[in-house]
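Participant: Sharing coords.txt, compact mmCIF, C-alpha atoms and all ligand atoms:
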# COMPACT_ATOMS: atom_id res chain seq x y z
CA MET A 1 -16.76 -4.47 -5.20
CA SER A 2 -14.88 -7.73 -5.23
CA SER A 3 -15.13 -10.81 -3.06
CA ARG A 4 -11.70 -10.02 -1.64
CA THR A 5 -11.77 -8.42 1.84
CA PRO A 6 -11.18 -4.72 1.29
CA LEU A 7 -8.19 -3.06 2.93
CA ILE A 8 -8.14 0.61 3.82
CA ALA A 9 -4.56 1.62 4.60
CA GLY A 10 -3.23 4.94 5.85
CA ASN A 11 0.26 6.06 4.90
CA TRP A 12 1.13 8.81 7.35
CA LYS A 13 4.37 9.62 5.49
CA MET A 14 6.64 12.05 7.45
CA HIS A 15 3.86 13.38 9.67
CA LYS A 16 3.08 13.25 13.39
CA SER A 17 5.38 13.15 16.41
CA GLY A 18 5.19 10.14 18.73
CA THR A 19 2.62 11.86 20.93
CA GLN A 20 0.48 12.91 17.97
CA ALA A 21 0.70 9.43 16.47
CA ILE A 22 -0.46 7.84 19.72
CA GLU A 23 -3.36 10.27 20.01
CA SER A 24 -4.45 9.59 16.42
CA ALA A 25 -4.16 5.83 16.87
CA GLU A 26 -6.20 5.94 20.08
CA ARG A 27 -8.90 8.02 18.43
CA LEU A 28 -8.99 5.77 15.37
CA LYS A 29 -9.20 2.68 17.52
CA THR A 30 -12.34 4.05 19.17
CA LEU A 31 -13.89 5.16 15.89
CA VAL A 32 -13.44 1.86 14.05
CA ASN A 33 -14.33 -0.43 16.91
CA ALA A 34 -17.52 -1.52 15.12
CA ALA A 35 -15.99 -1.92 11.66
CA SER A 36 -16.51 -5.30 10.05
CA GLY A 37 -15.79 -6.84 6.68
CA VAL A 38 -12.87 -4.51 6.13
CA ASP A 39 -9.18 -4.72 6.98
CA ILE A 40 -7.46 -1.61 8.29
CA MET A 41 -3.79 -0.64 8.42
CA ILE A 42 -1.90 2.49 9.43
CA ALA A 43 1.75 3.18 8.66
CA PRO A 44 3.25 5.77 11.03
CA THR A 45 6.82 6.99 10.83
CA PHE A 46 9.55 4.65 12.13
CA THR A 47 10.02 6.39 15.47
CA ALA A 48 6.33 6.03 16.36
CA LEU A 49 5.93 2.39 15.33
CA PHE A 50 6.51 0.69 18.65
CA GLN A 51 4.30 3.03 20.66
CA VAL A 52 1.49 2.98 18.11
CA GLY A 53 1.78 -0.83 18.01
CA GLN A 54 1.14 -0.89 21.76
CA VAL A 55 -1.98 1.26 21.29
CA LEU A 56 -3.30 -0.96 18.49
CA LYS A 57 -2.97 -4.20 20.45
CA GLY A 58 -6.33 -5.94 20.63
CA SER A 59 -7.78 -3.71 17.90
CA PRO A 60 -8.56 -4.69 14.31
CA ILE A 61 -6.02 -2.15 13.02
CA ALA A 62 -2.79 -3.58 11.62
CA LEU A 63 0.51 -1.76 11.98
CA GLY A 64 2.55 -1.11 8.84
CA ALA A 65 5.89 0.52 8.11
CA GLN A 66 6.60 2.83 5.19
CA ASN A 67 9.92 1.35 4.08
CA MET A 68 12.65 -1.13 5.06
CA HIS A 69 16.06 -2.36 4.00
CA TRP A 70 16.58 -5.70 2.26
CA GLU A 71 19.44 -6.93 4.44
CA GLN A 72 18.76 -8.55 7.80
CA GLN A 73 21.46 -6.60 9.62
CA GLY A 74 24.86 -5.04 9.10
CA ALA A 75 26.71 -1.81 8.42
CA PHE A 76 23.86 0.10 6.75
CA THR A 77 23.70 3.34 8.68
CA GLY A 78 20.22 4.76 8.97
CA GLU A 79 18.45 1.67 7.69
CA ILE A 80 15.92 -0.64 9.34
CA SER A 81 15.45 -4.34 8.64
CA ALA A 82 12.31 -6.41 8.23
CA ASP A 83 12.98 -8.26 11.51
CA MET A 84 13.24 -4.92 13.32
CA LEU A 85 9.83 -3.95 11.95
CA VAL A 86 8.34 -7.23 13.13
CA ASP A 87 9.96 -6.61 16.51
CA ALA A 88 8.27 -3.19 16.64
CA GLY A 89 4.88 -4.83 16.03
CA CYS A 90 4.46 -4.47 12.26
CA SER A 91 2.67 -7.02 10.12
CA GLN A 92 2.82 -5.06 6.86
CA VAL A 93 5.30 -2.84 5.05
CA ILE A 94 4.87 -0.42 2.16
CA ILE A 95 7.54 -1.06 -0.46
CA GLY A 96 8.50 0.98 -3.52
CA HIS A 97 6.30 3.99 -2.89
CA SER A 98 6.73 6.50 -5.71
CA GLU A 99 8.19 9.04 -3.27
CA ARG A 100 10.91 6.51 -2.44
CA ARG A 101 11.52 5.88 -6.12
CA GLN A 102 11.49 9.61 -6.97
CA TYR A 103 13.51 11.09 -4.08
CA PHE A 104 15.54 8.22 -2.65
CA GLY A 105 16.74 6.31 -5.66
CA GLU A 106 14.64 3.17 -5.28
CA THR A 107 14.62 1.02 -8.37
CA ASP A 108 12.68 -2.02 -9.45
CA GLU A 109 15.71 -4.04 -8.37
CA THR A 110 15.82 -2.71 -4.80
CA VAL A 111 12.07 -3.08 -4.60
CA ASN A 112 12.42 -6.72 -5.62
CA ARG A 113 15.04 -7.32 -2.91
CA LYS A 114 12.87 -5.63 -0.30
CA ILE A 115 9.79 -7.68 -1.18
CA LYS A 116 11.87 -10.83 -0.84
CA ALA A 117 13.22 -9.79 2.56
CA ALA A 118 9.77 -8.75 3.78
CA LEU A 119 8.27 -12.11 2.85
CA GLN A 120 11.13 -13.95 4.53
CA ALA A 121 10.36 -12.06 7.73
CA LYS A 122 6.62 -12.83 7.31
CA LEU A 123 5.72 -9.22 6.71
CA THR A 124 3.00 -8.53 4.15
CA PRO A 125 4.43 -6.30 1.44
CA VAL A 126 2.27 -3.51 0.04
CA PHE A 127 4.04 -3.20 -3.28
CA CYS A 128 3.52 0.21 -4.92
CA ILE A 129 3.51 0.86 -8.63
CA GLY A 130 2.25 3.66 -10.83
CA GLU A 131 2.98 5.83 -13.84
CA THR A 132 3.92 9.51 -13.93
CA GLU A 133 1.79 12.08 -15.70
CA SER A 134 4.14 12.28 -18.68
CA GLN A 135 4.13 8.49 -19.02
CA ARG A 136 0.34 8.48 -19.04
CA LEU A 137 0.19 11.27 -21.60
CA ALA A 138 2.66 9.36 -23.77
CA GLY A 139 0.40 6.29 -23.68
CA GLU A 140 2.94 4.32 -21.67
CA THR A 141 0.84 3.55 -18.59
CA PHE A 142 0.47 -0.17 -19.16
CA SER A 143 4.03 -0.75 -20.31
CA VAL A 144 5.29 1.06 -17.19
CA LEU A 145 3.06 -1.02 -14.90
CA ASP A 146 4.07 -4.19 -16.74
CA LYS A 147 7.75 -3.47 -16.21
CA GLN A 148 7.31 -2.50 -12.55
CA VAL A 149 5.32 -5.66 -11.78
CA ARG A 150 7.59 -8.04 -13.71
CA ASN A 151 10.79 -6.60 -12.23
CA GLY A 152 9.41 -6.13 -8.73
CA LEU A 153 8.21 -9.73 -8.61
CA LYS A 154 11.16 -11.24 -10.49
CA ASN A 155 12.29 -14.71 -9.37
CA PHE A 156 9.27 -15.37 -7.20
CA VAL A 157 6.94 -18.30 -7.66
CA PHE A 158 3.25 -17.99 -6.88
CA ASN A 159 3.64 -19.91 -3.62
CA ASP A 160 5.84 -17.11 -2.25
CA LEU A 161 3.28 -14.42 -2.89
CA GLY A 162 0.13 -15.55 -1.07
CA ASN A 163 0.14 -12.43 1.11
CA LEU A 164 1.15 -9.92 -1.50
CA ILE A 165 -0.79 -6.66 -1.73
CA ILE A 166 -0.33 -4.33 -4.68
CA ALA A 167 -1.05 -0.61 -4.56
CA TYR A 168 -1.65 1.16 -7.85
CA GLU A 169 -0.76 4.78 -7.21
CA PRO A 170 -0.58 6.96 -10.31
CA VAL A 171 2.06 9.56 -9.44
CA TRP A 172 -0.03 12.39 -10.92
CA ALA A 173 -2.84 11.62 -8.47
CA ILE A 174 -0.75 11.60 -5.28
CA GLY A 175 -1.31 14.67 -3.12
CA THR A 176 -2.73 16.62 -6.06
CA GLY A 177 -6.47 16.31 -5.49
CA GLN A 178 -6.60 14.93 -9.02
CA THR A 179 -8.00 11.46 -8.26
CA ALA A 180 -8.00 8.93 -11.07
CA THR A 181 -11.51 8.33 -12.33
CA ARG A 182 -12.94 5.03 -11.23
CA GLU A 183 -12.76 3.88 -14.84
CA GLN A 184 -9.05 4.72 -14.99
CA ALA A 185 -8.45 2.88 -11.71
CA GLN A 186 -10.47 -0.15 -12.82
CA GLU A 187 -8.68 -0.31 -16.17
CA ALA A 188 -5.25 -0.26 -14.49
CA HIS A 189 -6.25 -2.78 -11.81
CA GLU A 190 -7.73 -5.14 -14.38
CA ASN A 191 -4.54 -4.89 -16.35
CA ILE A 192 -2.38 -5.64 -13.31
CA ARG A 193 -4.57 -8.60 -12.36
CA SER A 194 -4.37 -10.14 -15.80
CA LEU A 195 -0.62 -9.63 -15.74
CA LEU A 196 -0.47 -11.58 -12.45
CA GLU A 197 -2.36 -14.36 -14.17
CA THR A 198 0.08 -14.34 -17.09
CA ILE A 199 3.17 -14.36 -14.88
CA PHE A 200 1.86 -16.64 -12.12
CA ASN A 201 -1.61 -18.15 -12.26
CA LYS A 202 -5.32 -17.47 -11.97
CA ASP A 203 -5.47 -18.24 -8.24
CA LEU A 204 -2.86 -15.66 -7.35
CA ALA A 205 -4.44 -13.11 -9.69
CA GLY A 206 -7.80 -13.74 -8.09
CA SER A 207 -6.65 -13.54 -4.48
CA THR A 208 -4.21 -10.61 -4.64
CA ARG A 209 -5.68 -7.40 -3.30
CA ILE A 210 -5.01 -4.38 -5.48
CA LEU A 211 -5.44 -1.05 -3.69
CA TYR A 212 -5.87 2.29 -5.36
CA GLY A 213 -3.93 5.29 -4.03
CA GLY A 214 -3.93 8.95 -5.05
CA SER A 215 -6.18 11.63 -3.51
CA VAL A 216 -8.69 9.18 -2.05
CA LYS A 217 -11.19 11.16 0.03
CA PRO A 218 -14.50 10.46 1.78
CA ASP A 219 -16.42 11.82 -1.22
CA ASN A 220 -14.79 9.58 -3.84
CA VAL A 221 -13.96 6.37 -1.96
CA ARG A 222 -17.28 4.66 -2.45
CA ALA A 223 -17.34 5.13 -6.22
CA LEU A 224 -13.82 3.69 -6.45
CA MET A 225 -14.63 0.78 -4.16
CA GLU A 226 -17.61 -0.18 -6.31
CA MET A 227 -15.29 -1.19 -9.14
CA PRO A 228 -14.74 -4.94 -9.41
CA ASP A 229 -10.94 -4.87 -9.27
CA VAL A 230 -10.50 -2.13 -6.67
CA ASP A 231 -9.91 -3.95 -3.38
CA GLY A 232 -9.10 -1.04 -1.14
CA ALA A 233 -7.26 2.23 -0.82
CA LEU A 234 -3.82 3.42 0.20
CA VAL A 235 -4.44 6.86 1.59
CA GLY A 236 -2.04 9.71 2.36
CA GLY A 237 -3.51 13.10 3.26
CA ALA A 238 -6.98 11.87 4.21
CA SER A 239 -5.55 9.29 6.62
CA LEU A 240 -3.97 11.88 8.92
CA ASP A 241 -7.19 12.94 10.62
CA PRO A 242 -8.74 9.87 12.31
CA ASP A 243 -12.30 11.16 11.85
CA THR A 244 -11.79 11.60 8.11
CA PHE A 245 -9.95 8.28 7.81
CA SER A 246 -12.73 6.44 9.62
CA LYS A 247 -15.17 7.73 6.98
CA LEU A 248 -13.07 5.90 4.40
CA ILE A 249 -13.16 2.73 6.49
CA PHE A 250 -16.95 2.94 6.65
CA PHE A 251 -17.07 3.63 2.90
CA ASN A 252 -20.14 1.43 2.52
CA GLU A 253 -22.13 3.58 4.86
CA ASN A 254 -21.29 6.98 3.35
P1 LIG B 1 -2.65 11.15 -1.04
O1 LIG B 1 -3.82 10.36 -0.54
O2 LIG B 1 -2.26 12.27 -0.15
O3 LIG B 1 -2.83 11.55 -2.47
O4 LIG B 1 -1.38 10.14 -1.02
C1 LIG B 1 -1.49 8.89 -1.59
C2 LIG B 1 -0.28 8.10 -1.22
O5 LIG B 1 0.82 8.39 -1.65
C3 LIG B 1 -0.46 6.96 -0.30
O6 LIG B 1 0.68 6.16 -0.26
Rewrite the structure from the file as structure tokens, please.
Facilitator:
Amino acid sequence: MSSRTPLIAGNWKMHKSGTQAIESAERLKTLVNAASGVDIMIAPTFTALFQVGQVLKGSPIALGAQNMHWEQQGAFTGEISADMLVDAGCSQVIIGHSERRQYFGETDETVNRKIKAALQAKLTPVFCIGETESQRLAGETFSVLDKQVRNGLKNFVFNDLGNLIIAYEPVWAIGTGQTATREQAQEAHENIRSLLETIFNKDLAGSTRILYGGSVKPDNVRALMEMPDVDGALVGGASLDPDTFSKLIFFNEN
């Protein structure tokens, strides 16, 4: 494990009504009351953000959103701006998740615009990258990650990116039960970190938290977290049940 404070983040995707989200947040709040040395975030669906934010007040759990638009306001039907997320109580936002790239046409360019807008609004971006199975099989993993990082972080200087969080989520591992081995995760994270050093500098590379995402469960979290460049987890399925998710938060005690 690294010297960076680990972050265990739950991406609830399109799950849970407002009432269910409140219940889960209340239960989680009780379960993780004694957690220390770990940062925690949950990202409910847009319509539950405000209410869940009220529940999380005074708890160590940060509120995140799953997406946002890059403009501050305007005629963009169905979209939500960074300022609106801050207004709802968010301090973090997931950007460029592979499901957004795959089903909703997100590109490296829109991801870059969103990261910029998030930072302007003082939201911490959780910037997602990752290769597909066919890209991995073709030996393209590191060139794909290189391109996603360079394009996603284009035109930033290191001073802009102090709060940046990166999530490495291999697409083939998301929701499949096929977790990357800890060696595969470490290799990718190490690669991303050295790329940050090449593009920016050693300080930024050393301070940026790189989360792993893709079928993280209570029985594999500890092994992943022991790797030197794995600074946390972005969790889908196993974040939905607060009791299961709290086991990930207490990964050291499993
Ligand atoms: P699973 O944990 O369900 O594989 O999802 C990972 C993910 O996409 C988190 O953003």
Participant: Box for ligand LIG 1 (chain B): with edges along x, y and z, all listed atoms inside and 3 Å added on each side, what are the centre and edge lengths in Å to one decimal, as lines of an AutoDock Vina configuration file?
Facilitator:
center_x = -1.5
center_y = 9.2
center_z = -1.3
size_x = 10.6
size_y = 12.1
size_z = 8.3
Participant: Write out as a ChimeraX atom specification each polymer residue (protein, DNA or RNA) that has an atom no more than 9 Å from ligand LIG 1 (chain B), with only C-alpha atoms and all ligand atoms counted.
Facilitator: /A:9-13,66,94,97-99,128,167,169-179,212-217,233-239
Participant: Calculated over only C-alpha atoms, which of the candidates A:Leu240, A:Leu164, A:Ala21, A:Ala65 has the smallest distance to Ala205 of chain A?
Facilitator: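 Nearest to Ala205 of chain A: A:Leu164.
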Participant: At a cut-off of 10 Å, using all atoms listed in the file, what residues contact Ile80 of chain A? Leave out same-chain residues fewer than 6 positions from it and give the result as a ChimeraX atom specification.
Facilitator: /A:46,67-74
Participant: I'd like to know which of A:Leu161, A:Leu7, A:Leu204, A:Val52 is closest to Gly232 of chain A, using only C-alpha atoms.
Facilitator: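 Answer, going by the shortest atom-to-atom distance: A:Leu7.
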Participant: Enter the distance from atom CA of Met227 of chain A to atom CA of Gly130 of chain A, in Å, rounded to one decimal.
Facilitator: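 Computing the Euclidean distance for atom CA of Met227 of chain A and atom CA of Gly130 of chain A yields 18.3 Å.
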Participant: Please, which residues are within 10 Å of (-1.4, 2.5, 19.9) by the file's coordinates, counting all atoms listed in the file, and could they come as a list in words?
Facilitator: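 Output of the proximity query reads Ala21, Ile22, Glu23, Ser24, Ala25, Glu26, Arg27, Leu28, Lys29, Ala48, Leu49, Phe50, Gln51, Val52, Gly53, Gln54, Val55, Leu56, Lys57, Gly58, Ser59, Ile61 and Leu63 of chain A.
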Participant: Could you please determine the separation between atom CA of Val38 of chain A and atom CA of Leu211 of chain A in Å, to one decimal place?
Facilitator: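 Straight-line distance from atom CA of Val38 of chain A to atom CA of Leu211 of chain A works out to 12.8 Å.
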Participant: Report, in Å with one decimal, the straight-line distance from atom CA of Ser36 of chain A to atom CA of Arg193 of chain A.
Facilitator: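 Distance reported for this atom pair: 25.6 Å.
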Participant: Smallest atom-to-atom distance to Lys116 of chain A: which of A:Asp160, A:Asp229, A:Glu187, A:Glu79, using all atoms listed in the file?
Facilitator: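 Residue with the minimum atom-to-atom distance to Lys116 of chain A: A:Asp160.
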Participant: Which residue gives the smallest distance to Asp241 of chain A among A:Pro218, A:Gly18, A:Asp146, A:Pro6, with all atoms listed in the file counted?
Facilitator: A:Pro218
Participant: Of the residues A:Val111, A:Val157, A:Ala188, A:Leu119, which is the one nearest to Glu131 of chain A, using all atoms listed in the file?
Facilitator: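 Residue with the minimum atom-to-atom distance to Glu131 of chain A: A:Ala188.
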Participant: Give as a ChimeraX atom specification the set of residues within 12 Å of the point (8.5, -16.8, 9.4), where distances use the file's coordinates and all atoms listed in the file.
Facilitator: /A:82-83,86,91,117-124,160
Participant: Given only C-alpha atoms as the basis, pick out the residue of A:Leu85, A:Ala75, A:Gln184, A:Thr110 nearest to Thr47 of chain A.
Facilitator: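 Among the listed residues, A:Leu85 lies closest to Thr47 of chain A.
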Participant: Please provide the set of residues having any atom within 12 Å of Ser3 of chain A, restricted to only C-alpha atoms, with same-chain residues fewer than 6 positions apart removed, written as a ChimeraX atom specification.
Facilitator: /A:37-38,206-209,225-232
